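*Asks:* What follows is a structure written as structure tokens; I'll ask about it next.
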Amino acid sequence: MEENTNRKPKKHMSKKTKLTLSILFVISAVLLIVFTAAQNLGNMTINTMMADVKAYFLSLGAGDGYPYELDAVNVRDMKINNSNIYLLLNDKTTTLNSTAKEIMPQAHTYSNPAMKSVNSRFIIYDLDSKRFRIQQNTEIEYESEASGKITAASIGEKGNYALGTYGENVQSVLTVYNKKNESIFIWNFKSERIVDISLSDNGKFAAVATIEAIDGEINSKLYVFNFKSKEYVSCFDYKGTTLVKVDYVKGTNIVAIGDNLRSCILKNTNRQDDQSFGSDVLSNYSLTDKGRNTLVLSRYGSTSLSKVSVYSKNNKESFTPLSFEKEVIWADSDEKYTAVLFENEIKTYNKRGKEIASQTFDGKALRVAVDGKRTYVLTTAGLQCFKTRS
């Protein structure tokens with residue numbers, strides 16, 4: 001039988017074509033993951049999705065590793081998310097990945113900068129000035145000025161945000177904006193100053209902490225607002241207490257932290273029995289996006305006697321409070337671990353309160369943040385990173 005000489009020879013794929021297809025495959029995989037996350041979260045937009053994709057590709061590649069040199073005095077705030085550290089400095093915002101690679105720093109000229117965040121979205125604002133901006137990761141989405149000087153701010157999972165400002169004929173004003181930067185709710189406080197704001201995950205409510213001096217005594221109130229109502233949903237009085245933090249921790253459940261107590265509100269309306277600190281003094285606190293909150297107390301007001309308490313989003317104490325015969329500089333928790341920072345040592349505990357790691361470090365301790373496998377410690381020697389279970 002004669003061989004068919006008309007058969008076309010097989011074409012072999014070039015190395016360049018293979019590389020191009022491989023890159024396209026990786027990009028498609030990343031986009032698929034992002035789209036899947038968007039469907040699960042239900043609050044992503046095209047802009048936020050593209051910002052996350054951009055941040056992902058910018059984070060590829062390794063940095064110089066930790067410790068990361070920086071002037072610790074220049075750090076105003078820090079937040080950890082998916083092993084990325086978001087830093088608010090006196091002159092810029094920036095992100096460091098797990099190898100200390102700096103991603104998209106953004107300069108600012110705020111004189112007293114502060115930030116609030118949810119996941120990878122931020123509102124950066126200048127206290128006692130009118131200026132603020134919205135960021136997705138480290139990309140600036142929107143920048144503007146408020147109607148009055150800012151005292152507090154918050155950003156929500158639905159893309160909305162809120163500003164507390166001084167008013168002209170009233171003490172302070174709450175203004176809530178949608179993701180299109182349109183004002184959707186305004187409330188005037190005649191004689192109270194707004195100190196903190198939290199927006200519910202469903203985008204429908206705001207919890208607002210205020211303070212007011214009455215007969216020489218500081219008193220606080222916690223208001224809950226529904227953006228579709230002309231009246232507040234509920235209002236709670238805290239006489240003799242200075243509220244410093246309010247946060248939605250699960251659905252419409254709220255936690256408020258004051259200088260002498262911790263308070264929990266269920267479903268926006270049902271105030272539980274307050275947890276009084278008694279003779280203990282609040283030293284510092286931290287809260288996660290998923291509702292876990294950690295309190296550091298000085299026992300009897302002594303810095304040499306400390307106590308750390310951790311609460312779940314269900315308002316349950318995660319374990320018996322940890323007591324120490326020395327000062328706790330800071331403490332932070334994620335869903336699995338609690339990191340307790342001392343002068344030159346860090347101890348890590350599991351979700352049952354059992355110690356699982358202890359490490360020392362250089363420099364004076366300032367702050368700690370834990371995120372799964374990694375724990376970050378800010379010291380006067382720079383930002384250091386440790387394995388959580390080392």
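Numbering starts fresh at 1 for the residues of each chain in the structure tokens, the chains themselves are lettered A, B, ... in the order given, and ligands are numbered from 1 as they appear.
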Extract the full set of strand (DSSP E) residues from segment 174-339 of chain A according to DSSP on the backbone, and format it as JSON, numbers by chain.
*Replies:* {"A": [174, 175, 176, 177, 183, 184, 185, 186, 187, 188, 189, 193, 194, 195, 196, 197, 198, 199, 205, 206, 207, 208, 209, 210, 211, 212, 213, 214, 217, 218, 219, 220, 221, 222, 223, 224, 225, 226, 232, 233, 234, 235, 236, 237, 238, 239, 243, 244, 245, 246, 247, 248, 249, 250, 253, 254, 255, 256, 257, 258, 261, 262, 263, 264, 265, 266, 270, 271, 275, 276, 281, 282, 283, 284, 285, 286, 287, 293, 294, 295, 296, 297, 298, 306, 307, 308, 309, 310, 311, 322, 323, 324, 330, 331, 332, 333, 338, 339]}
*Asks:* Taking 5 positions as the minimum chain separation for residues in the same chain, which residues sit within 7 Å of Thr375 of chain A when counting only C-alpha atoms? Answer as a JSON list (two decimals) with N, CA and C atoms, in the first residue's frame.
*Replies:*
[["chain", "number", "residue", "atom", "x", "y", "z"],
["A", 369, "ALA", "N", 0.54, 42.19, 65.98],
["A", 369, "ALA", "CA", -0.60, 41.80, 65.16],
["A", 369, "ALA", "C", -0.39, 40.36, 64.72],
["A", 370, "VAL", "N", -1.40, 39.52, 64.88],
["A", 370, "VAL", "CA", -1.28, 38.10, 64.53],
["A", 370, "VAL", "C", -2.26, 37.77, 63.41],
["A", 385, "CYS", "N", 8.87, 39.98, 61.94],
["A", 385, "CYS", "CA", 7.89, 38.95, 61.63],
["A", 385, "CYS", "C", 8.37, 37.61, 62.17],
["A", 386, "PHE", "N", 7.46, 36.87, 62.84],
["A", 386, "PHE", "CA", 7.80, 35.57, 63.41],
["A", 386, "PHE", "C", 6.77, 34.53, 62.98],
["A", 387, "LYS", "N", 7.15, 33.29, 62.99],
["A", 387, "LYS", "CA", 6.18, 32.22, 62.82],
["A", 387, "LYS", "C", 5.37, 32.12, 64.11],
["A", 388, "THR", "N", 4.05, 32.13, 63.95],
["A", 388, "THR", "CA", 3.17, 32.16, 65.11],
["A", 388, "THR", "C", 3.42, 31.01, 66.06]]
*Asks:* Skip Tyr86 of chain A itself and residues of its chain fewer than 3 positions away, then list as number ranges by chain all residues within 10 Å of it, counting only C-alpha atoms.
*Replies:* A: 77-81, 83, 89, 93-97, 102-103, 117, 120, 122, 137-138
*Asks:* Restricting it to N, CA and C atoms, dump the selection as a tab-separated table (two decimals), in the first residue's frame.
*Replies:*
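Output file result-v2.tsv follows:
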chain	number	residue	atom	x	y	z
A	77	ASP	N	-0.74	53.75	62.78
A	77	ASP	CA	-1.66	52.62	62.92
A	77	ASP	C	-1.19	51.51	62.00
A	78	MET	N	-1.61	50.29	62.28
A	78	MET	CA	-1.29	49.15	61.43
A	78	MET	C	-2.41	48.13	61.49
A	79	LYS	N	-2.65	47.49	60.36
A	79	LYS	CA	-3.69	46.47	60.28
A	79	LYS	C	-3.15	45.31	59.46
A	80	ILE	N	-3.53	44.11	59.83
A	80	ILE	CA	-3.08	42.92	59.12
A	80	ILE	C	-4.26	42.26	58.43
A	81	ASN	N	-4.04	41.81	57.19
A	81	ASN	CA	-5.10	41.14	56.44
A	81	ASN	C	-4.45	40.22	55.41
A	83	SER	N	-2.01	38.19	55.70
A	83	SER	CA	-0.55	38.26	55.85
A	83	SER	C	0.06	39.50	55.21
A	89	LEU	N	1.44	55.79	58.15
A	89	LEU	CA	2.57	56.54	58.65
A	89	LEU	C	2.24	58.03	58.66
A	93	THR	N	0.62	56.09	53.34
A	93	THR	CA	0.11	54.75	53.64
A	93	THR	C	0.86	53.78	52.74
A	94	THR	N	1.09	52.58	53.24
A	94	THR	CA	1.80	51.60	52.43
A	94	THR	C	1.43	50.20	52.90
A	95	THR	N	1.74	49.22	52.05
A	95	THR	CA	1.46	47.83	52.36
A	95	THR	C	2.74	47.02	52.21
A	96	LEU	N	2.96	46.10	53.14
A	96	LEU	CA	4.08	45.17	53.07
A	96	LEU	C	3.53	43.76	52.97
A	97	ASN	N	4.08	42.97	52.04
A	97	ASN	CA	3.63	41.58	51.96
A	97	ASN	C	4.45	40.71	52.92
A	102	GLU	N	7.36	46.28	49.62
A	102	GLU	CA	6.47	47.42	49.73
A	102	GLU	C	5.62	47.52	48.46
A	103	ILE	N	4.30	47.69	48.65
A	103	ILE	CA	3.37	47.71	47.53
A	103	ILE	C	2.65	49.06	47.49
A	117	SER	N	-10.85	50.51	58.75
A	117	SER	CA	-10.78	49.59	57.61
A	117	SER	C	-11.78	48.46	57.77
A	120	SER	N	-9.92	44.84	52.84
A	120	SER	CA	-8.84	45.59	52.19
A	120	SER	C	-9.28	46.99	51.76
A	122	PHE	N	-10.23	51.01	53.03
A	122	PHE	CA	-9.86	51.92	54.11
A	122	PHE	C	-10.49	53.28	53.90
A	137	ASN	N	-7.15	48.52	49.01
A	137	ASN	CA	-5.75	48.16	49.19
A	137	ASN	C	-4.99	49.46	49.38
A	138	THR	N	-4.06	49.80	48.49
A	138	THR	CA	-3.35	51.07	48.62
A	138	THR	C	-3.65	52.00	47.45
*Asks:* For Ile257 of chain A, work out the shell of residues within 12 Å, counting only C-alpha atoms and skipping chain neighbours fewer than 4 positions away, then give it as an MDAnalysis selection string.
*Replies:* chainID A and resid 195:196 209 220:222 238 241:248 261:265 274:277 282:287 293:296
*Asks:* Store the residues picked out above, limited to C-alpha atoms, as a short mmCIF file (atom, residue, chain, number, x, y, z; two decimals), in the first residue's frame.
*Replies:*
data_model
loop_
_atom_site.label_atom_id
_atom_site.label_comp_id
_atom_site.auth_asym_id
_atom_site.auth_seq_id
_atom_site.Cartn_x
_atom_site.Cartn_y
_atom_site.Cartn_z
CA VAL A 195 -16.09 59.63 69.19
CA ASP A 196 -16.57 56.46 67.13
CA ALA A 209 -20.69 56.45 70.37
CA SER A 220 -21.53 58.63 76.98
CA LYS A 221 -24.37 57.41 74.79
CA LEU A 222 -24.60 54.74 72.14
CA TYR A 238 -23.45 55.22 79.99
CA THR A 241 -18.19 56.19 81.32
CA THR A 242 -16.11 57.38 78.39
CA LEU A 243 -16.87 55.14 75.43
CA VAL A 244 -13.80 54.77 73.20
CA LYS A 245 -14.87 52.10 70.70
CA VAL A 246 -18.05 50.74 69.12
CA ASP A 247 -18.14 47.86 66.67
CA TYR A 248 -20.60 45.59 64.90
CA LEU A 261 -16.69 48.61 81.11
CA ARG A 262 -17.50 46.45 78.11
CA SER A 263 -21.06 46.45 76.81
CA CYS A 264 -22.89 44.17 74.37
CA ILE A 265 -26.06 45.05 72.44
CA ASP A 274 -22.36 45.34 81.22
CA GLN A 275 -19.04 43.81 82.16
CA SER A 276 -17.54 46.27 84.63
CA PHE A 277 -13.75 46.42 84.90
CA LEU A 282 -8.30 49.50 80.40
CA SER A 283 -4.84 49.58 78.85
CA ASN A 284 -5.58 48.82 75.18
CA TYR A 285 -7.84 46.73 72.96
CA SER A 286 -8.05 45.24 69.46
CA LEU A 287 -10.91 44.00 67.30
CA ASN A 293 -12.16 41.38 70.51
CA THR A 294 -9.21 41.42 72.89
CA LEU A 295 -8.87 43.57 76.01
CA VAL A 296 -5.74 44.35 78.01
#
*Asks:* In Å, how far is it from atom CA of Thr210 of chain A to atom CA of Leu88 of chain A?
*Replies:* 25.1 Å
